[in-house]
Structures are given as structure tokens and as C-alpha cells.
Amino acid sequence: MLSEPNNKTFFKLIQESSQEEIIWMCGYMSGFLKNNIKKFTKKKEEQKITLVYGTETGNAKNLAFDIYQKVKKEKLQIKLIDLDQYCLKDLEKEDYFFIIMSTHGEGEPPSSAKSFFDFIHHNKNIFLKNMKYSVLALGDKSYTYFCKAGVDIDKRLHDIGAKRIVPLYKCDVDYENQGYKWFSEIINFLKKKKYGINTENRNRKISGYISNNIILNDQERESDKEIHHIEIYVKNKIKYSPGDSIGIFPENPYREVNNIIEYINKNKKKELERYENEEKNKIFDLFKKNLNILSLSENFLKKYSSLSKDKNVFLNYKWKLVDLLTKFPIENKYSLKDLIKIMEPIKPRLYSISSSPTTHGNEIHITVSRHRFLLNGNTVYGHCSDFLSKLKIGYKLFFFIYKNRIFKLPNPDKDIILIGPGTGIAPFRSFLYEREATKATGKNWLFFGDQHFHKNFLYQTEIQNWKIKGILHRVNFSFSRDQEKKVYVQNKIWENKIEFFSWIKNGAYVYLCGNKIPMSLDVEKMICQVIEKVGKCDSKLFINKMKKEGRYLKDVY
């Protein structure tokens with residue numbers, strides 16, 4: 001509908017124009033609309049939600065991932081990004097921007113968020129007039145500068161034009177309840193604004209069948225690691241890209257669940273007898289597939305203490321539910337439903353996809369290290385890795401695709417450097433299969449390392465074949481325990497420092513995957529040393545420039 005003045009002008013122009021002039025105007029308007037269609041439809045497009053986090057110990061990351069999953073269930077479009085990987089030039093394009101920020105040291109942001117923090121505080125030309133935001137600050141009240149990094153970011157964003165839609169939340173070490181309240185306020189705000197629904201729902205559950213589960217380590221040589229290559233067959237072709245991950249909700253061990261059911265049967269027998277057989281099976285499945293019964297959180301233990309006869313539950317101890325029930329029984333006046341009500345859900349684990357959508361079609365591959373560690377003096381295994389390691393061929397598994405919008409392959413003509421010791425090789429197997437299948441012209445350089453050549457050389461045959469075929473233009477290995485002096489991937493970078501700097505100076509993309517501490521820190525330190533010694537450059541400026549260009553990318557854990 002035209003405004004009144006424009007309406008009069010339009011009809012006056014039509015009345016006073018010839019047939020040829022009207023035809024010309026119609027043609028002109030058709031061409032104008034075609035060339036500017038994006039401009040005129042932009043307001044109808046769904047606005048973006050971005051959730052970012054800055055973490056030092058992993059708490060902010062874990063909470064961000066939980067909230068990301070909940071937002072996806074609301075069928076809203078959302079991106080989840082570590083601030084270490086965030087492209088700062090995108091900040092002015094953000095619509096809804098939500099930040100989970102921990103505080104480190106004397107009120108400082110964590111190292112992963114330092115570039116973001118400096119950018120918003122020292123860039124005098126930035127004005128975020130379109131951004132709607134909120135900050136969740138994590139901290140510890142026992143420290144002087146409680147939540148200061150989050151407070152500083154919240155204030156600065158407001159000062160440079162962004163609109164605060166949910167007030168700053170400050171959380172102590174028991175952060176989960178506050179975190180979910182913050183999230184609920186955000187969801188309520190978005191619903192009131194009738195925020196658009198994403199009909200795609202990227203995180204829908206996908207079912208597949210285990211088609212292969214093999215151990216990659218040489219078990220005959222008594223390797224102290226157990227790495228599984230797992231292949232999942234899906235009936236329909238799966239939509240994912242190299243660099244993406246799959247999220248898996250592990251099931252609890254049958255023995256642990258059975259112990260809980262036996263305890264309930266012994267101590268809450270009358271209550272259990274009231275359930276029909278079908279409902280009893282549902283209770284078993286609830287403990288088997290939905291509820292966390294291992295390594296219980298401090299937040300849960302505090303809630304549990306209110307149900308227990310003994311209120312002095314040891315909070316600094318990692319409990320299994322059956323042990324907790326035995327040591328600190330719940331009072332008779334509380335029911336099984338009261339216990340289930342306070343229990344936390346099983347959290348999904350992410351695994352980098354190690355297959356290529358172009359090469360492997362209806363299969364999706366992951367590389368899983370069966371994690372082993374000491375807990376309360378006993379050897380235990382990681383919940384999800386232990387679950388996956390035991391899966392037999394034919395087992396039906398449910399998972400979802402987690403889109404990593406940052407850790408992606410560049411254009412096919414660009415050179416890439418892949419640094420992935422241990423299971424960090426997983427996404428690079430996907431990268432190399434994809435580059436081979438798509439006949440990418442860019443060069444590929446791989447750095448791989450582990451403890452022993454004969455025990456821990458993951459995907460050895462494939463890597464050697466890629467080298468023979470010329471898919472891998474350069475490859476360097478470091479097996480740290482095969483000689484008296486330990487050799488790591490960063491040592492191999494230094495040995496090849498001149499060529500390494502030449503590649504990154506000429507536009508190569510650097511990808512780093514594997515353990516954050518100490519591996520990723522040691523590798524980055526070495527790259528900085530190469531830049532300074534060979535390139536005679538300021539390494540901080542050089543690395544920051546690469547990050548802004550999207551040429552320095554990490555997927556570390």
C-alpha cells in the first residue's frame with residue numbers, strides 16, 4: 001500500500017504516460033526488483049541467534065552446550081561458537097547475541113575470550129545498534145573479582161549501542177540453576193516476540209545401525225590406549241559437512257541400572273509393587289537411557305541431601321547413585337518420584353565425524369578413545385566412550401548432527417595444514433577423503449603424532465596411501481615414546497619452520513584438533529615462535545589476522 005502522496009503521484013504518472021512509457025516502466029520495475037530482491041525480503045528473514053562462550057575450565061562450555069540443545073528443541077535457529085573461534089567482523093551483523101562468560105585470575109576473561117574482550121573495549125569505531133543481547137557471568141564468590149569479566153562485557157556492549165533484553169545474571173560455583181533461569185527468560189522473551197520457527201530442526205534424532213566397530217591400536221603389542229573406529233549405517237543419506245560432529249546420548253550400564261532397581265525393590269518394595277509390569281519396564285528404561293546415575297553433580301547432591309536421613313552428604317566426592325542410596329538412604333516419607341524429580345538427564349557427548357559425505361554416502365564414522373581414569377582410587381571408564389566401545393554390529397543407535405559452522409574446509413584451491421595428534425586425526429580423515437573425492441587443487445600438509453609408531457599409528461594405511469597418491473603433499477609424524485627424548489608435533493613444526501611459515505604467509509589455512517591442554521597450547525606457542533623467528537613478525541598480530549580471516553581454526557577439548 002502506497003502512502004497518500006505517493007498514491008496520487010503514481011496514478012497521475014500512469015494517466016499522463018503513453019502505452020510505450022508504461023511498458024518501459026513495467027520492464028524497469030521488474031528488473032529493479034529482481035536485482036534487489038534480497039534487500040526487500042531481508043526483514044522477512046528469520047533473525048539469527050548466536051550463543052558464544054568463554055571458558056577456562058570447561059564449565060561455560062558445558063552449560064552453553066546444554067542450553068544450545070534446549071534452544072534447538074524449541075525449534076529455533078541458533079549458532080554455538082567458542083569465542084576463540086568467533087569472527088569478530090561478524091559482531092555488527094548479529095541480531096540476538098547471548099554470552100556465557102567465566103572469569104579467570106584477577107577479574108580477567110579466559111584466554112579463549114581475550115581477543116573478543118579486547119576488540120569490544122578498544123575498538124572505537126564499533127557501534128552495535130541492531131544487537132539484542134544478554135550475558136551470563138560465571139564466577140566464584142570466594143574471589144575478589146567475582147564475575148568481573150562478564151560484568152565488564154555486559155556494560156561495554158550496552159555502552160556501544162547494543163540493547164540488553166535480559167539483565168546480567170551472576171552465578172557462583174553452583175551455576176546450573178541460575179543458568180537455566182537465565183535461559184528461560186531468554187526463551188520467554190523470544191516467544192513473546194513471536195520469533196520465527198526453524199522448520200528444519202537440525203538436531204532431530206537420527207537412527208542408524210553399527211556396521212563396524214574395530215580397535216585401531218595394536219592390542220598384541222599391549223597398547224595402553226584403546227581407540228575404536230566405529231561405522232554407523234543410516235538408511236537415508238545423511239546431511240553433514242566435514243568438520244561437523246555427532247552427538248550421542250550414552251546409555252547407562254545394565255549392571256548399574258539393575259543394582260538401582262534391586263535397591264528400590266528392597267527399600268521401596270510396596271511403592272514398586274503398585275506399578276504394572278509395563279510401568280516397571282518404563283522405570284528401568286528411565287534409569288537406563290535418560291537419567292544420569294554416574295558421577296553425580298554437586299548441584300544434584302545438594303538437592304539429594306534434603307531427601308536423605310543424613311544431611312551431611314559428601315559433596316566433594318564423585319558418587320554413583322546406587323552407592324549414594326546405600327550410604328545415605330532417603331527418608332521413608334519421600335517417594336521414588338521425589339528422587340526422579342531431582343535427577344539430571346544424561347548429557348550428550350560430541351564426537352568429530354571422521355568420514356566424508358561425498359565418499360562414504362550412507363555411512364558415518366567416528367573415532368572414539370575409550371577414556372580411562374582414576375576416580376576415588378578406582379579405575380573407571382568414560383561414560384560414553386565405554387558405552388560406544390561395547391556396541392556390537394547391528395545395534396540401533398540414536399544420534400544427532402552438530403553443525404560446526406566454523407571448523408570448515410576452505411575453497412578447494414586453498415592450501416591447508418592439519419595438526420591432529422591422537423584422536424585429533426578424526427576430522428582430518430574426513431577433510432582428506434573429501435578433498436580427494438572433490439579433486440581439490442589446494443595442497444594438504446598433515447602433522448600426526450602419538451606415543452608409539454607400532455601401537456598408536458591411527459589410520460596408518462590410509463595416510464600412507466594419501467601420501468603415495470599425492471593427496472598429502474607433506475606429512476610429518478612424531479611418536480613421542482619411540483626414542484629417549486620425547487618428540488611431539490610442535491617439534492616437527494619447528495623442524496619444518498621455514499616451509500611452515502612460507503605456507504601460512506601465502507594464505508594456507510591452519511587447523512588444530514585434539515587435547516586443549518597441554519597440546520593445543522604448546523602447538524600455538526610453537527607456531528608463534530616460528531612466526532617471530534622466521535617471519536620476523538609480531539606473532540600476536542599475525543595470529544589475530546589469521547583468525548579474522550578464518551585461517552586459524554581449532555577444535556580442541
# chains A, B, ... in the order shown; residues from 1 in each chain; ligands from 1
>>> residues_around(residues="Leu446 (chain A)", least_positions_apart="2", cutoff="8 Å", atoms="only C-alpha atoms", output="compact mmCIF listing (two decimals) with N, CA, C and O atoms, in the first residue's frame")
# COMPACT_ATOMS: atom_id res chain seq x y z
N ILE A 417 46.88 -26.85 6.39
CA ILE A 417 47.81 -27.53 7.30
C ILE A 417 46.97 -28.14 8.41
O ILE A 417 46.24 -27.42 9.11
N LEU A 418 47.06 -29.45 8.58
CA LEU A 418 46.25 -30.17 9.55
C LEU A 418 47.13 -30.69 10.67
O LEU A 418 48.07 -31.45 10.43
N ILE A 419 46.86 -30.27 11.90
CA ILE A 419 47.66 -30.69 13.06
C ILE A 419 46.74 -31.46 14.00
O ILE A 419 45.89 -30.87 14.67
N GLY A 420 46.88 -32.79 14.02
CA GLY A 420 45.94 -33.60 14.77
C GLY A 420 46.55 -34.82 15.41
O GLY A 420 46.42 -35.94 14.88
N ASN A 444 47.84 -30.17 0.74
CA ASN A 444 47.47 -30.66 2.07
C ASN A 444 48.73 -31.10 2.83
O ASN A 444 49.52 -31.90 2.31
N PHE A 448 50.84 -35.55 12.36
CA PHE A 448 50.17 -36.51 13.22
C PHE A 448 51.17 -37.06 14.23
O PHE A 448 52.35 -37.30 13.89
N LEU A 472 48.26 -36.08 0.00
CA LEU A 472 49.08 -35.42 1.03
C LEU A 472 50.39 -34.97 0.40
O LEU A 472 51.21 -35.81 0.00
N ARG A 474 52.63 -33.03 1.98
CA ARG A 474 53.65 -33.15 3.02
C ARG A 474 53.00 -33.85 4.21
O ARG A 474 51.81 -33.67 4.49
N VAL A 475 53.78 -34.67 4.92
CA VAL A 475 53.28 -35.33 6.12
C VAL A 475 54.43 -35.49 7.09
O VAL A 475 55.55 -35.85 6.69
N ASN A 476 54.18 -35.19 8.36
CA ASN A 476 55.21 -35.33 9.41
C ASN A 476 54.63 -36.08 10.59
O ASN A 476 53.52 -35.78 11.05
>>> residues_around(residues="region 454-458 of chain A", least_positions_apart="6", cutoff="10 Å", atoms="only C-alpha atoms", output="list of chain:residue names")
A:Ile215, A:Leu216, A:Asn217, A:Asp218, A:Gln219, A:Glu220, A:Arg221, A:Glu222, A:Ser223, A:Asp224, A:Lys225, A:Glu226, A:Ile227, A:His228, A:His229, A:Thr367, A:Pro421, A:Gly422, A:Thr423, A:Ile425, A:Ala426, A:Phe448, A:Phe477, A:Ser478, A:Phe479, A:Asp482
>>> write_last_selection(atoms="N, CA and C atoms", output="PDB file, in the first residue's frame")
ATOM      1  N   ILE A 215      39.085 -51.999  16.878  1.00  0.00           N
ATOM      2  CA  ILE A 215      40.106 -51.306  17.668  1.00  0.00           C
ATOM      3  C   ILE A 215      41.284 -50.985  16.754  1.00  0.00           C
ATOM      4  N   LEU A 216      41.679 -49.730  16.735  1.00  0.00           N
ATOM      5  CA  LEU A 216      42.748 -49.290  15.836  1.00  0.00           C
ATOM      6  C   LEU A 216      44.140 -49.560  16.394  1.00  0.00           C
ATOM      7  N   ASN A 217      44.262 -49.643  17.720  1.00  0.00           N
ATOM      8  CA  ASN A 217      45.572 -49.885  18.316  1.00  0.00           C
ATOM      9  C   ASN A 217      45.985 -51.342  18.150  1.00  0.00           C
ATOM     10  N   ASP A 218      47.275 -51.572  18.123  1.00  0.00           N
ATOM     11  CA  ASP A 218      47.790 -52.935  18.037  1.00  0.00           C
ATOM     12  C   ASP A 218      47.725 -53.561  19.428  1.00  0.00           C
ATOM     13  N   GLN A 219      46.668 -54.333  19.686  1.00  0.00           N
ATOM     14  CA  GLN A 219      46.474 -54.913  21.006  1.00  0.00           C
ATOM     15  C   GLN A 219      47.489 -56.009  21.326  1.00  0.00           C
ATOM     16  N   GLU A 220      48.060 -56.635  20.282  1.00  0.00           N
ATOM     17  CA  GLU A 220      49.051 -57.681  20.517  1.00  0.00           C
ATOM     18  C   GLU A 220      50.317 -57.098  21.146  1.00  0.00           C
ATOM     19  N   ARG A 221      50.557 -55.829  20.894  1.00  0.00           N
ATOM     20  CA  ARG A 221      51.728 -55.166  21.482  1.00  0.00           C
ATOM     21  C   ARG A 221      51.384 -54.483  22.803  1.00  0.00           C
ATOM     22  N   GLU A 222      50.202 -54.807  23.360  1.00  0.00           N
ATOM     23  CA  GLU A 222      49.772 -54.327  24.671  1.00  0.00           C
ATOM     24  C   GLU A 222      49.789 -52.799  24.746  1.00  0.00           C
ATOM     25  N   SER A 223      49.067 -52.187  23.835  1.00  0.00           N
ATOM     26  CA  SER A 223      48.928 -50.731  23.860  1.00  0.00           C
ATOM     27  C   SER A 223      48.132 -50.321  25.094  1.00  0.00           C
ATOM     28  N   ASP A 224      48.537 -49.220  25.718  1.00  0.00           N
ATOM     29  CA  ASP A 224      47.815 -48.745  26.895  1.00  0.00           C
ATOM     30  C   ASP A 224      46.657 -47.829  26.505  1.00  0.00           C
ATOM     31  N   LYS A 225      46.391 -47.752  25.196  1.00  0.00           N
ATOM     32  CA  LYS A 225      45.244 -47.000  24.722  1.00  0.00           C
ATOM     33  C   LYS A 225      44.286 -47.938  23.998  1.00  0.00           C
ATOM     34  N   GLU A 226      43.037 -47.540  23.956  1.00  0.00           N
ATOM     35  CA  GLU A 226      42.033 -48.333  23.246  1.00  0.00           C
ATOM     36  C   GLU A 226      41.206 -47.377  22.391  1.00  0.00           C
ATOM     37  N   ILE A 227      41.545 -47.297  21.110  1.00  0.00           N
ATOM     38  CA  ILE A 227      40.883 -46.380  20.186  1.00  0.00           C
ATOM     39  C   ILE A 227      40.002 -47.188  19.236  1.00  0.00           C
ATOM     40  N   HIS A 228      38.738 -46.837  19.161  1.00  0.00           N
ATOM     41  CA  HIS A 228      37.783 -47.554  18.316  1.00  0.00           C
ATOM     42  C   HIS A 228      37.418 -46.737  17.080  1.00  0.00           C
ATOM     43  N   HIS A 229      37.412 -47.416  15.935  1.00  0.00           N
ATOM     44  CA  HIS A 229      36.856 -46.847  14.705  1.00  0.00           C
ATOM     45  C   HIS A 229      35.460 -47.447  14.563  1.00  0.00           C
ATOM     46  N   THR A 367      35.753 -41.701  15.603  1.00  0.00           N
ATOM     47  CA  THR A 367      36.972 -42.260  16.190  1.00  0.00           C
ATOM     48  C   THR A 367      36.910 -42.029  17.691  1.00  0.00           C
ATOM     49  N   PRO A 421      47.225 -34.687  16.548  1.00  0.00           N
ATOM     50  CA  PRO A 421      47.760 -35.864  17.233  1.00  0.00           C
ATOM     51  C   PRO A 421      46.654 -36.695  17.874  1.00  0.00           C
ATOM     52  N   GLY A 422      46.885 -37.999  18.024  1.00  0.00           N
ATOM     53  CA  GLY A 422      45.917 -38.882  18.659  1.00  0.00           C
ATOM     54  C   GLY A 422      44.595 -38.885  17.914  1.00  0.00           C
ATOM     55  N   THR A 423      43.482 -38.884  18.666  1.00  0.00           N
ATOM     56  CA  THR A 423      42.160 -38.884  18.038  1.00  0.00           C
ATOM     57  C   THR A 423      41.847 -37.539  17.380  1.00  0.00           C
ATOM     58  N   ILE A 425      43.072 -36.691  14.833  1.00  0.00           N
ATOM     59  CA  ILE A 425      43.122 -37.020  13.405  1.00  0.00           C
ATOM     60  C   ILE A 425      41.714 -37.162  12.817  1.00  0.00           C
ATOM     61  N   ALA A 426      40.710 -37.395  13.670  1.00  0.00           N
ATOM     62  CA  ALA A 426      39.366 -37.760  13.200  1.00  0.00           C
ATOM     63  C   ALA A 426      38.791 -36.799  12.149  1.00  0.00           C
ATOM     64  N   PHE A 448      50.837 -35.546  12.355  1.00  0.00           N
ATOM     65  CA  PHE A 448      50.169 -36.512  13.219  1.00  0.00           C
ATOM     66  C   PHE A 448      51.172 -37.063  14.226  1.00  0.00           C
ATOM     67  N   PHE A 477      55.407 -37.059  11.086  1.00  0.00           N
ATOM     68  CA  PHE A 477      54.960 -37.880  12.200  1.00  0.00           C
ATOM     69  C   PHE A 477      55.855 -37.647  13.411  1.00  0.00           C
ATOM     70  N   SER A 478      55.252 -37.758  14.585  1.00  0.00           N
ATOM     71  CA  SER A 478      56.036 -37.680  15.823  1.00  0.00           C
ATOM     72  C   SER A 478      55.481 -38.709  16.805  1.00  0.00           C
ATOM     73  N   PHE A 479      56.289 -39.711  17.110  1.00  0.00           N
ATOM     74  CA  PHE A 479      55.884 -40.738  18.074  1.00  0.00           C
ATOM     75  C   PHE A 479      56.762 -40.560  19.307  1.00  0.00           C
ATOM     76  N   ASP A 482      59.045 -43.336  21.229  1.00  0.00           N
ATOM     77  CA  ASP A 482      59.871 -44.271  20.467  1.00  0.00           C
ATOM     78  C   ASP A 482      61.359 -43.963  20.532  1.00  0.00           C
TER      79      ASP A 482
END
>>> residues_around(residues="Lys70 (chain A)", least_positions_apart="4", cutoff="10 Å", atoms="only C-alpha atoms", output="list in words")
Ala64, Phe65, Asp66, Glu74, Lys75, Leu76, Tyr180, Phe183, Ser184 and Ile187 of chain A
>>> atom_distance(atom1="CA of Gly54 (chain A)", atom2="CA of Ile78 (chain A)")
17.2 Å
>>> select_by_dssp(residues="region 55-269 of chain A", states="helix (DSSP H, G or I)", output="PyMOL selection string")
chain A and resi 59-73+83-85+88-93+111-122+148-159+176-192+219-221+254-267+269
>>> write_last_selection(atoms="C-alpha atoms", output="PDB file, in the first residue's frame")
ATOM      1  CA  ASN A  59      32.034 -25.020  32.848  1.00  0.00           C
ATOM      2  CA  ALA A  60      30.925 -22.275  30.454  1.00  0.00           C
ATOM      3  CA  LYS A  61      31.271 -24.654  27.508  1.00  0.00           C
ATOM      4  CA  ASN A  62      29.243 -27.418  29.169  1.00  0.00           C
ATOM      5  CA  LEU A  63      26.464 -25.032  30.149  1.00  0.00           C
ATOM      6  CA  ALA A  64      26.455 -23.417  26.689  1.00  0.00           C
ATOM      7  CA  PHE A  65      26.087 -26.815  25.050  1.00  0.00           C
ATOM      8  CA  ASP A  66      23.200 -27.775  27.356  1.00  0.00           C
ATOM      9  CA  ILE A  67      21.410 -24.509  26.594  1.00  0.00           C
ATOM     10  CA  TYR A  68      22.112 -24.928  22.877  1.00  0.00           C
ATOM     11  CA  GLN A  69      20.358 -28.308  22.977  1.00  0.00           C
ATOM     12  CA  LYS A  70      17.347 -26.811  24.766  1.00  0.00           C
ATOM     13  CA  VAL A  71      17.082 -23.961  22.257  1.00  0.00           C
ATOM     14  CA  LYS A  72      17.163 -26.461  19.385  1.00  0.00           C
ATOM     15  CA  LYS A  73      14.268 -28.346  20.986  1.00  0.00           C
ATOM     16  CA  LEU A  83      34.776 -17.103  21.385  1.00  0.00           C
ATOM     17  CA  ASP A  84      38.238 -18.288  20.433  1.00  0.00           C
ATOM     18  CA  GLN A  85      36.756 -19.188  17.035  1.00  0.00           C
ATOM     19  CA  LEU A  88      34.960 -10.509  15.200  1.00  0.00           C
ATOM     20  CA  LYS A  89      33.942  -8.745  11.996  1.00  0.00           C
ATOM     21  CA  ASP A  90      30.551 -10.515  12.267  1.00  0.00           C
ATOM     22  CA  LEU A  91      29.700  -8.753  15.533  1.00  0.00           C
ATOM     23  CA  GLU A  92      27.895  -5.835  13.894  1.00  0.00           C
ATOM     24  CA  LYS A  93      25.736  -8.290  11.925  1.00  0.00           C
ATOM     25  CA  SER A 111      42.338 -16.776  27.281  1.00  0.00           C
ATOM     26  CA  SER A 112      39.837 -18.038  24.701  1.00  0.00           C
ATOM     27  CA  ALA A 113      37.812 -14.807  25.049  1.00  0.00           C
ATOM     28  CA  LYS A 114      40.696 -12.318  25.261  1.00  0.00           C
ATOM     29  CA  SER A 115      40.534 -11.238  21.590  1.00  0.00           C
ATOM     30  CA  PHE A 116      36.782 -10.648  21.828  1.00  0.00           C
ATOM     31  CA  PHE A 117      37.184  -8.749  25.099  1.00  0.00           C
ATOM     32  CA  ASP A 118      39.925  -6.514  23.687  1.00  0.00           C
ATOM     33  CA  PHE A 119      38.004  -5.951  20.439  1.00  0.00           C
ATOM     34  CA  ILE A 120      34.865  -4.570  22.076  1.00  0.00           C
ATOM     35  CA  HIS A 121      36.794  -2.473  24.615  1.00  0.00           C
ATOM     36  CA  HIS A 122      39.451  -0.945  22.362  1.00  0.00           C
ATOM     37  CA  LYS A 148      34.076  -9.293  36.693  1.00  0.00           C
ATOM     38  CA  ALA A 149      34.766 -10.399  33.102  1.00  0.00           C
ATOM     39  CA  GLY A 150      31.046 -10.947  32.462  1.00  0.00           C
ATOM     40  CA  VAL A 151      30.139  -7.677  34.194  1.00  0.00           C
ATOM     41  CA  ASP A 152      32.649  -5.744  32.060  1.00  0.00           C
ATOM     42  CA  ILE A 153      31.341  -7.280  28.832  1.00  0.00           C
ATOM     43  CA  ASP A 154      27.719  -6.606  29.757  1.00  0.00           C
ATOM     44  CA  LYS A 155      28.470  -2.925  30.467  1.00  0.00           C
ATOM     45  CA  ARG A 156      30.603  -2.450  27.373  1.00  0.00           C
ATOM     46  CA  LEU A 157      28.041  -3.926  24.970  1.00  0.00           C
ATOM     47  CA  HIS A 158      25.414  -1.591  26.423  1.00  0.00           C
ATOM     48  CA  ASP A 159      27.779   1.389  26.088  1.00  0.00           C
ATOM     49  CA  GLU A 176      23.319 -24.547  36.816  1.00  0.00           C
ATOM     50  CA  ASN A 177      20.051 -23.329  38.400  1.00  0.00           C
ATOM     51  CA  GLN A 178      20.845 -19.686  37.673  1.00  0.00           C
ATOM     52  CA  GLY A 179      21.994 -20.608  34.187  1.00  0.00           C
ATOM     53  CA  TYR A 180      18.699 -22.281  33.335  1.00  0.00           C
ATOM     54  CA  LYS A 181      16.708 -19.366  34.815  1.00  0.00           C
ATOM     55  CA  TRP A 182      18.650 -17.047  32.514  1.00  0.00           C
ATOM     56  CA  PHE A 183      17.912 -19.326  29.598  1.00  0.00           C
ATOM     57  CA  SER A 184      14.190 -19.453  30.496  1.00  0.00           C
ATOM     58  CA  GLU A 185      13.982 -15.655  30.490  1.00  0.00           C
ATOM     59  CA  ILE A 186      15.570 -15.568  27.048  1.00  0.00           C
ATOM     60  CA  ILE A 187      13.180 -18.179  25.655  1.00  0.00           C
ATOM     61  CA  ASN A 188      10.182 -16.326  27.113  1.00  0.00           C
ATOM     62  CA  PHE A 189      11.384 -13.085  25.550  1.00  0.00           C
ATOM     63  CA  LEU A 190      11.815 -14.691  22.137  1.00  0.00           C
ATOM     64  CA  LYS A 191       8.381 -16.316  22.322  1.00  0.00           C
ATOM     65  CA  LYS A 192       6.739 -13.024  23.242  1.00  0.00           C
ATOM     66  CA  GLN A 219      46.474 -54.913  21.006  1.00  0.00           C
ATOM     67  CA  GLU A 220      49.051 -57.681  20.517  1.00  0.00           C
ATOM     68  CA  ARG A 221      51.728 -55.166  21.482  1.00  0.00           C
ATOM     69  CA  TYR A 254      22.933 -52.637  32.614  1.00  0.00           C
ATOM     70  CA  ARG A 255      24.665 -53.789  35.801  1.00  0.00           C
ATOM     71  CA  GLU A 256      24.493 -50.305  37.375  1.00  0.00           C
ATOM     72  CA  VAL A 257      20.805 -49.915  36.487  1.00  0.00           C
ATOM     73  CA  ASN A 258      19.985 -53.376  37.788  1.00  0.00           C
ATOM     74  CA  ASN A 259      21.687 -52.555  41.096  1.00  0.00           C
ATOM     75  CA  ILE A 260      19.471 -49.477  41.448  1.00  0.00           C
ATOM     76  CA  ILE A 261      16.304 -51.441  40.651  1.00  0.00           C
ATOM     77  CA  GLU A 262      17.314 -54.091  43.207  1.00  0.00           C
ATOM     78  CA  TYR A 263      17.870 -51.377  45.822  1.00  0.00           C
ATOM     79  CA  ILE A 264      14.449 -49.847  45.057  1.00  0.00           C
ATOM     80  CA  ASN A 265      12.818 -53.277  45.190  1.00  0.00           C
ATOM     81  CA  LYS A 266      14.397 -53.892  48.577  1.00  0.00           C
ATOM     82  CA  ASN A 267      13.736 -50.498  50.137  1.00  0.00           C
ATOM     83  CA  LYS A 269       9.072 -52.607  47.507  1.00  0.00           C
TER      84      LYS A 269
END
>>> closest_residue(among="A:Lys129, A:Arg551, A:His365, A:Lys268", to="Val234 (chain A)", atoms="only C-alpha atoms")
A:His365
>>> closest_residue(among="A:Asn496, A:Ser211, A:Thr359, A:Asn299", to="Ser241 (chain A)", atoms="only C-alpha atoms")
A:Thr359
>>> closest_residue(among="A:Ile366, A:Leu301, A:Leu512, A:Ile99", to="Val166 (chain A)", atoms="only C-alpha atoms")
A:Ile99
>>> select_by_dssp(residues="region 115-167 of chain A", states="strand (DSSP E or B)", output="ChimeraX atom specification")
/A:132-138,163-164
>>> closest_residue(among="A:Leu51, A:Val556, A:Ile232, A:Cys147", to="Ile393 (chain A)", atoms="only C-alpha atoms")
A:Ile232
>>> closest_residue(among="A:Thr57, A:Ser480, A:Ser297, A:Ser352", to="Lys403 (chain A)", atoms="only C-alpha atoms")
A:Ser352
